[in-house]
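Since the structure comes first, as structure tokens, the remarks are kept for the end.
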Amino acid sequence: MEYVTLNNGVKMPQLGYGVYRVSSGECERCVLDAVSAGYRAIDTAQSYGNEEAVGNAVKKCGVPRSELFLTTKVWISNAGYEKARESIDKSLKNLQTDYIDLLLIHQPFGDYYGTYRAMKEAYKAGKLLAIGVSNFYPDRLIDLCQFTEVTPAVNQVETHVFQQQKTAHEYMKKYGVQHESWGPFAEGRKDFFTNPKLTEIGARYGKSAAQIALRFLIQSDVVVIPKSTHKERMEQNLDVFDFTLGEKDMEAIRELDEGKSLFFSHYDPATVEMLTNMGKTRRV
């Protein structure tokens with residue numbers, strides 16, 4: 001496993017296991033499989049409804065808590081200082097842990113400044129080892145960085161070969177924020193796993209298109225959290241540290257970038273209405 005060092009000195013695995021859309025009934029088994037395969041970072045969220053399952057797996061896995069890196073996220077319905085503070089304690093209880101390695105603001109909506117104040121307080125109290133954000137585009141990330149004493153350690157955004165977030169990446173580097181990808185496989189869209197260019201490059205390295213895509217992001221200084229419910233694929237996703245893509249291959253993959261989301265844009269009013277309405281109705 002390779003690690004990145006966050007802006008506060010905390011070390012974070014560069015490849016972790018994500019549990020988005022993994023049902024609470026299946027999540028415990030999946031996390032146990034992931035840890036046994038060698039994963040040491042697990043990414044969940046309050047809105048996923050599976051924090052307790054992750055906590056159960058962490059308790060049962062046999063790996064010391066100090067060797068695991070747990071990430072969760074504050075949902076929109078918990079935005080604001082008081083609600084966020086209560087939700088942090090609830091997440092700690094759900095995860096059955098005394099501290100969370102990384103806590104993110106899930107979406108840049110609601111009183112996220114109040115949320116961040118609660119997170120800073122918990123960070124200073126030792127309940128959180130690092131704090132950051134998710135889905136913050138450069139404008140909102142810059143605004144937060146300019147007016148807070150604790151710079152976000154991580155920004156988790158949609159990032160894959162078709163949406164490489166090149167401009168966002170440069171601003172994250174400028175402000176010392178680690179770029180983390182959600183959806184590194186684009187959730188299979190655009191025939192991701194059979195993409196001709198990824199497949200051609202993979203054939204030269206004896207790797208799959210998925211492994212080439214993960215390696216590309218890792219070499220681009222992006223943390224990745226691929227998801228699979230099958231242990232064999234978990235192991236394959238982890239098997240990306242025994243080779244290095246040449247610059248010619250890196251440049252060929254850079255050319256796949258379309259520079260736009262395959263899912264939604266936070267600049268689209270309909271998307272903002274949808275997400276903020278979810279924040280009102282999906283209470284966690």
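Ordering of the structure tokens sets the chain letters (A, B, ...), residue numbers begin anew at 1 in every chain, and ligands are numbered from 1 in the order given.
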inquiry  = Excluding Val54 of chain A and its own-chain neighbours fewer than 5 positions away, which residues fall within 12 Å of it when counting only C-alpha atoms? Please give them as a PyMOL selection string.
reply    = chain A and resi 17-20+22-35+41-46+48-49+59-61+68-72+91-97
inquiry  = Excluding Phe263 of chain A and its own-chain neighbours fewer than 4 positions away, which residues fall within 12 Å of it when counting only C-alpha atoms? Please give them as a ChimeraX atom specification.
reply    = /A:157-160,162-163,182-183,186-190,268,271
Produce a file of the selected residues containing N, CA and C atoms, as a CSV table (one decimal), in the first residue's frame.
chain,number,residue,atom,x,y,z
A,157,VAL,N,-14.2,14.4,-4.8
A,157,VAL,CA,-15.1,14.8,-6.0
A,157,VAL,C,-15.1,13.8,-7.0
A,158,GLU,N,-16.1,13.8,-7.9
A,158,GLU,CA,-16.2,12.9,-9.0
A,158,GLU,C,-14.9,13.0,-9.8
A,159,THR,N,-14.2,11.9,-9.9
A,159,THR,CA,-12.9,11.9,-10.7
A,159,THR,C,-12.7,10.5,-11.3
A,160,HIS,N,-12.6,10.5,-12.6
A,160,HIS,CA,-12.3,9.3,-13.4
A,160,HIS,C,-11.7,9.7,-14.7
A,162,PHE,N,-12.8,10.0,-17.6
A,162,PHE,CA,-13.6,10.9,-18.5
A,162,PHE,C,-13.8,12.2,-17.9
A,163,GLN,N,-13.6,12.4,-16.6
A,163,GLN,CA,-13.7,13.6,-15.9
A,163,GLN,C,-12.6,13.7,-14.9
A,182,TRP,N,-14.3,10.1,-6.0
A,182,TRP,CA,-15.4,9.2,-5.9
A,182,TRP,C,-15.8,8.8,-7.3
A,183,GLY,N,-16.3,7.6,-7.4
A,183,GLY,CA,-16.6,7.1,-8.8
A,183,GLY,C,-15.4,6.9,-9.7
A,186,ALA,N,-16.4,5.5,-12.9
A,186,ALA,CA,-17.5,6.2,-13.5
A,186,ALA,C,-18.8,5.4,-13.4
A,187,GLU,N,-18.8,4.5,-12.4
A,187,GLU,CA,-20.0,3.6,-12.2
A,187,GLU,C,-20.3,2.8,-13.5
A,188,GLY,N,-19.3,2.5,-14.3
A,188,GLY,CA,-19.4,1.7,-15.4
A,188,GLY,C,-20.0,2.4,-16.7
A,189,ARG,N,-20.2,3.7,-16.6
A,189,ARG,CA,-20.8,4.4,-17.7
A,189,ARG,C,-19.8,4.5,-18.9
A,190,LYS,N,-20.4,4.7,-20.1
A,190,LYS,CA,-19.6,4.9,-21.3
A,190,LYS,C,-18.7,3.6,-21.5
A,268,ASP,N,-25.9,23.4,-11.8
A,268,ASP,CA,-27.2,23.2,-12.5
A,268,ASP,C,-28.3,23.5,-11.4
A,271,THR,N,-30.2,20.4,-10.3
A,271,THR,CA,-29.4,19.5,-9.5
A,271,THR,C,-29.4,20.0,-8.0
inquiry  = With only C-alpha atoms as the counted atoms, please give the residues lying no more than 12 Å from segment 80-83 of chain A, apart from itself and same-chain residues fewer than 3 positions off, as a list in words.
reply    =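 Those residues are Val74, Trp75, Ile76, Ser77, Glu86, Ser87, Ile88, Asp89, Lys90, Ile105, Pro108, Phe109, Gly110, Asp111, Tyr112, Tyr113, Gly114, Thr115, Tyr116, Arg117, Ala118, Met119, Lys120, Glu121, Ala122, Arg283 and Val284 of chain A.
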Selection export as a PDB file, in the first residue's frame, atoms kept: C-alpha atoms:
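Result went into again21.pdb, see below:
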ATOM      1  CA  VAL A  74     -21.848  14.850   7.426  1.00  0.00           C
ATOM      2  CA  TRP A  75     -25.098  14.844   5.453  1.00  0.00           C
ATOM      3  CA  ILE A  76     -27.014  17.991   4.474  1.00  0.00           C
ATOM      4  CA  SER A  77     -29.782  17.353   7.014  1.00  0.00           C
ATOM      5  CA  GLU A  86     -24.612  15.950  17.436  1.00  0.00           C
ATOM      6  CA  SER A  87     -24.154  13.978  14.211  1.00  0.00           C
ATOM      7  CA  ILE A  88     -20.409  13.638  14.783  1.00  0.00           C
ATOM      8  CA  ASP A  89     -21.036  11.968  18.137  1.00  0.00           C
ATOM      9  CA  LYS A  90     -23.661   9.746  16.499  1.00  0.00           C
ATOM     10  CA  ILE A 105     -18.835  17.740   4.576  1.00  0.00           C
ATOM     11  CA  PRO A 108     -21.693  22.202  -0.190  1.00  0.00           C
ATOM     12  CA  PHE A 109     -25.250  23.091   0.824  1.00  0.00           C
ATOM     13  CA  GLY A 110     -27.003  24.282   3.935  1.00  0.00           C
ATOM     14  CA  ASP A 111     -25.001  25.954   6.681  1.00  0.00           C
ATOM     15  CA  TYR A 112     -21.760  24.239   5.805  1.00  0.00           C
ATOM     16  CA  TYR A 113     -19.757  26.935   7.548  1.00  0.00           C
ATOM     17  CA  GLY A 114     -21.544  26.000  10.779  1.00  0.00           C
ATOM     18  CA  THR A 115     -20.837  22.361  10.013  1.00  0.00           C
ATOM     19  CA  TYR A 116     -17.169  23.137   9.525  1.00  0.00           C
ATOM     20  CA  ARG A 117     -17.018  24.987  12.859  1.00  0.00           C
ATOM     21  CA  ALA A 118     -18.371  21.886  14.608  1.00  0.00           C
ATOM     22  CA  MET A 119     -15.835  19.753  12.759  1.00  0.00           C
ATOM     23  CA  LYS A 120     -12.955  22.056  13.754  1.00  0.00           C
ATOM     24  CA  GLU A 121     -14.067  21.814  17.377  1.00  0.00           C
ATOM     25  CA  ALA A 122     -14.161  18.012  17.228  1.00  0.00           C
ATOM     26  CA  ARG A 283     -32.706  12.747   7.566  1.00  0.00           C
ATOM     27  CA  VAL A 284     -29.974  10.634   9.153  1.00  0.00           C
TER      28      VAL A 284
END
task = Pick out each residue of segment 182-216 of chain A that DSSP on the backbone tags as helix (DSSP H, G or I); I need them as a list of chain:residue names.
result =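 Of segment 182-216 of chain A, only A:Ala186, A:Glu187, A:Gly188, A:Arg189, A:Lys190, A:Asp191, A:Phe192, A:Phe193, A:Thr194, A:Pro196, A:Lys197, A:Leu198, A:Thr199, A:Glu200, A:Ile201, A:Gly202, A:Ala203, A:Arg204, A:Tyr205, A:Ala209, A:Ala210, A:Gln211, A:Ile212, A:Ala213, A:Leu214, A:Arg215, A:Phe216 fall in helix (DSSP H, G or I).
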query = Do you know which residues are at most 9 Å from Met1 of chain A counting only C-alpha atoms, after dropping those on the same chain fewer than 4 positions away, and could you put them as a ChimeraX atom specification?
reply = /A:13-15,38-40,238,241
query = Could you work out how far atom CA of Ala79 of chain A lies from atom CA of Val10 of chain A, giving the answer in Å with one decimal?
reply =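 Atom CA of Ala79 of chain A lies 25.4 Å from atom CA of Val10 of chain A.
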key: Between atom CA of Lys73 of chain A and atom CA of Phe264 of chain A - distance in Å to one decimal   =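 Here the two named atoms are 19.2 Å from each other.
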request  = Mind checking which residues fall within 10 Å of Gln164 of chain A, counting only C-alpha atoms, ignoring those fewer than 6 positions away in the same chain, and posting them as a list in words?
outcome  =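 Neighbouring residues, sequence-local ones excluded: Val157, Glu158, Ser181, Pro184, Leu217, Ser220, Val222, Ile253, Arg254, Glu255, Leu256, Asp257, Glu258, Gly259, Lys260 and Ser261 of chain A.
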ask   = Near Asp143 of chain A, within 12 Å and counting only C-alpha atoms, which residues show up once chain neighbours fewer than 2 positions away are dropped, as a list of chain:residue names?
value = A:Pro108, A:Tyr112, A:Tyr113, A:Phe136, A:Tyr137, A:Pro138, A:Asp139, A:Arg140, A:Leu141, A:Cys145, A:Gln146, A:Phe147, A:Thr148, A:Thr151, A:Pro152, A:Tyr171, A:Tyr175
Write a file of the selected residues as a PDB file, in the first residue's frame, keeping N, CA, C and O atoms.
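Everything below was put into result-v6.pdb:
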ATOM      1  N   PRO A 108     -21.900  20.789  -0.532  1.00  0.00           N
ATOM      2  CA  PRO A 108     -21.693  22.202  -0.190  1.00  0.00           C
ATOM      3  C   PRO A 108     -23.004  22.978  -0.092  1.00  0.00           C
ATOM      4  O   PRO A 108     -23.166  24.030  -0.701  1.00  0.00           O
ATOM      5  N   TYR A 112     -22.980  25.046   5.728  1.00  0.00           N
ATOM      6  CA  TYR A 112     -21.760  24.239   5.805  1.00  0.00           C
ATOM      7  C   TYR A 112     -20.644  24.944   6.557  1.00  0.00           C
ATOM      8  O   TYR A 112     -19.720  24.292   7.041  1.00  0.00           O
ATOM      9  N   TYR A 113     -20.729  26.259   6.696  1.00  0.00           N
ATOM     10  CA  TYR A 113     -19.757  26.935   7.548  1.00  0.00           C
ATOM     11  C   TYR A 113     -19.977  26.567   9.010  1.00  0.00           C
ATOM     12  O   TYR A 113     -19.027  26.359   9.772  1.00  0.00           O
ATOM     13  N   PHE A 136     -16.979  19.874  -3.372  1.00  0.00           N
ATOM     14  CA  PHE A 136     -16.754  21.312  -3.406  1.00  0.00           C
ATOM     15  C   PHE A 136     -16.019  21.662  -4.700  1.00  0.00           C
ATOM     16  O   PHE A 136     -14.897  21.207  -4.924  1.00  0.00           O
ATOM     17  N   TYR A 137     -16.653  22.449  -5.543  1.00  0.00           N
ATOM     18  CA  TYR A 137     -16.008  22.910  -6.758  1.00  0.00           C
ATOM     19  C   TYR A 137     -14.983  23.988  -6.385  1.00  0.00           C
ATOM     20  O   TYR A 137     -15.008  24.512  -5.266  1.00  0.00           O
ATOM     21  N   PRO A 138     -14.084  24.361  -7.283  1.00  0.00           N
ATOM     22  CA  PRO A 138     -13.019  25.295  -6.921  1.00  0.00           C
ATOM     23  C   PRO A 138     -13.498  26.580  -6.264  1.00  0.00           C
ATOM     24  O   PRO A 138     -12.862  27.077  -5.334  1.00  0.00           O
ATOM     25  N   ASP A 139     -14.640  27.145  -6.727  1.00  0.00           N
ATOM     26  CA  ASP A 139     -15.077  28.421  -6.153  1.00  0.00           C
ATOM     27  C   ASP A 139     -15.399  28.286  -4.665  1.00  0.00           C
ATOM     28  O   ASP A 139     -14.955  29.101  -3.839  1.00  0.00           O
ATOM     29  N   ARG A 140     -16.144  27.247  -4.292  1.00  0.00           N
ATOM     30  CA  ARG A 140     -16.505  27.083  -2.879  1.00  0.00           C
ATOM     31  C   ARG A 140     -15.324  26.593  -2.055  1.00  0.00           C
ATOM     32  O   ARG A 140     -15.191  26.945  -0.877  1.00  0.00           O
ATOM     33  N   LEU A 141     -14.457  25.789  -2.660  1.00  0.00           N
ATOM     34  CA  LEU A 141     -13.271  25.336  -1.936  1.00  0.00           C
ATOM     35  C   LEU A 141     -12.358  26.519  -1.617  1.00  0.00           C
ATOM     36  O   LEU A 141     -11.876  26.648  -0.486  1.00  0.00           O
ATOM     37  N   CYS A 145     -11.234  27.803   2.061  1.00  0.00           N
ATOM     38  CA  CYS A 145      -9.809  27.850   2.406  1.00  0.00           C
ATOM     39  C   CYS A 145      -9.374  29.256   2.827  1.00  0.00           C
ATOM     40  O   CYS A 145      -8.535  29.416   3.726  1.00  0.00           O
ATOM     41  N   GLN A 146      -9.950  30.266   2.192  1.00  0.00           N
ATOM     42  CA  GLN A 146      -9.537  31.645   2.467  1.00  0.00           C
ATOM     43  C   GLN A 146     -10.019  32.148   3.828  1.00  0.00           C
ATOM     44  O   GLN A 146      -9.429  33.062   4.398  1.00  0.00           O
ATOM     45  N   PHE A 147     -11.085  31.530   4.364  1.00  0.00           N
ATOM     46  CA  PHE A 147     -11.701  32.086   5.567  1.00  0.00           C
ATOM     47  C   PHE A 147     -11.804  31.088   6.715  1.00  0.00           C
ATOM     48  O   PHE A 147     -12.673  31.224   7.570  1.00  0.00           O
ATOM     49  N   THR A 148     -10.923  30.107   6.762  1.00  0.00           N
ATOM     50  CA  THR A 148     -10.922  29.185   7.893  1.00  0.00           C
ATOM     51  C   THR A 148      -9.499  28.975   8.367  1.00  0.00           C
ATOM     52  O   THR A 148      -8.558  29.008   7.567  1.00  0.00           O
ATOM     53  N   THR A 151      -7.292  24.483   7.173  1.00  0.00           N
ATOM     54  CA  THR A 151      -7.515  24.201   5.757  1.00  0.00           C
ATOM     55  C   THR A 151      -8.023  22.774   5.579  1.00  0.00           C
ATOM     56  O   THR A 151      -7.494  21.849   6.196  1.00  0.00           O
ATOM     57  N   PRO A 152      -9.065  22.564   4.768  1.00  0.00           N
ATOM     58  CA  PRO A 152      -9.526  21.202   4.523  1.00  0.00           C
ATOM     59  C   PRO A 152      -8.372  20.303   4.080  1.00  0.00           C
ATOM     60  O   PRO A 152      -7.550  20.699   3.247  1.00  0.00           O
ATOM     61  N   TYR A 171      -6.122  23.716  -8.253  1.00  0.00           N
ATOM     62  CA  TYR A 171      -6.458  24.561  -7.107  1.00  0.00           C
ATOM     63  C   TYR A 171      -6.336  23.797  -5.794  1.00  0.00           C
ATOM     64  O   TYR A 171      -5.964  24.376  -4.761  1.00  0.00           O
ATOM     65  N   TYR A 175      -3.804  25.026  -2.659  1.00  0.00           N
ATOM     66  CA  TYR A 175      -4.211  25.252  -1.279  1.00  0.00           C
ATOM     67  C   TYR A 175      -3.846  24.101  -0.342  1.00  0.00           C
ATOM     68  O   TYR A 175      -4.229  24.104   0.820  1.00  0.00           O
TER      69      TYR A 175
END
message = If you run DSSP on the backbone here, which positions in segment 95-263 of chain A get strand (DSSP E)? Please write them as a list in words.
response =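 Here are the strand (DSSP E) residues of segment 95-263 of chain A: Leu102, Leu103, Leu104, Ile105, Ile131, Gly132, Val133, Ser134, Val154, Asn155, Gln156, Val157, Glu158, Gln178, His179, Glu180, Ser181, Trp182, Val223 and Val224 of chain A.
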Å distance separating atom CA of Leu129 of chain A from atom CA of Arg215 of chain A, one decimal place = 26.9 Å
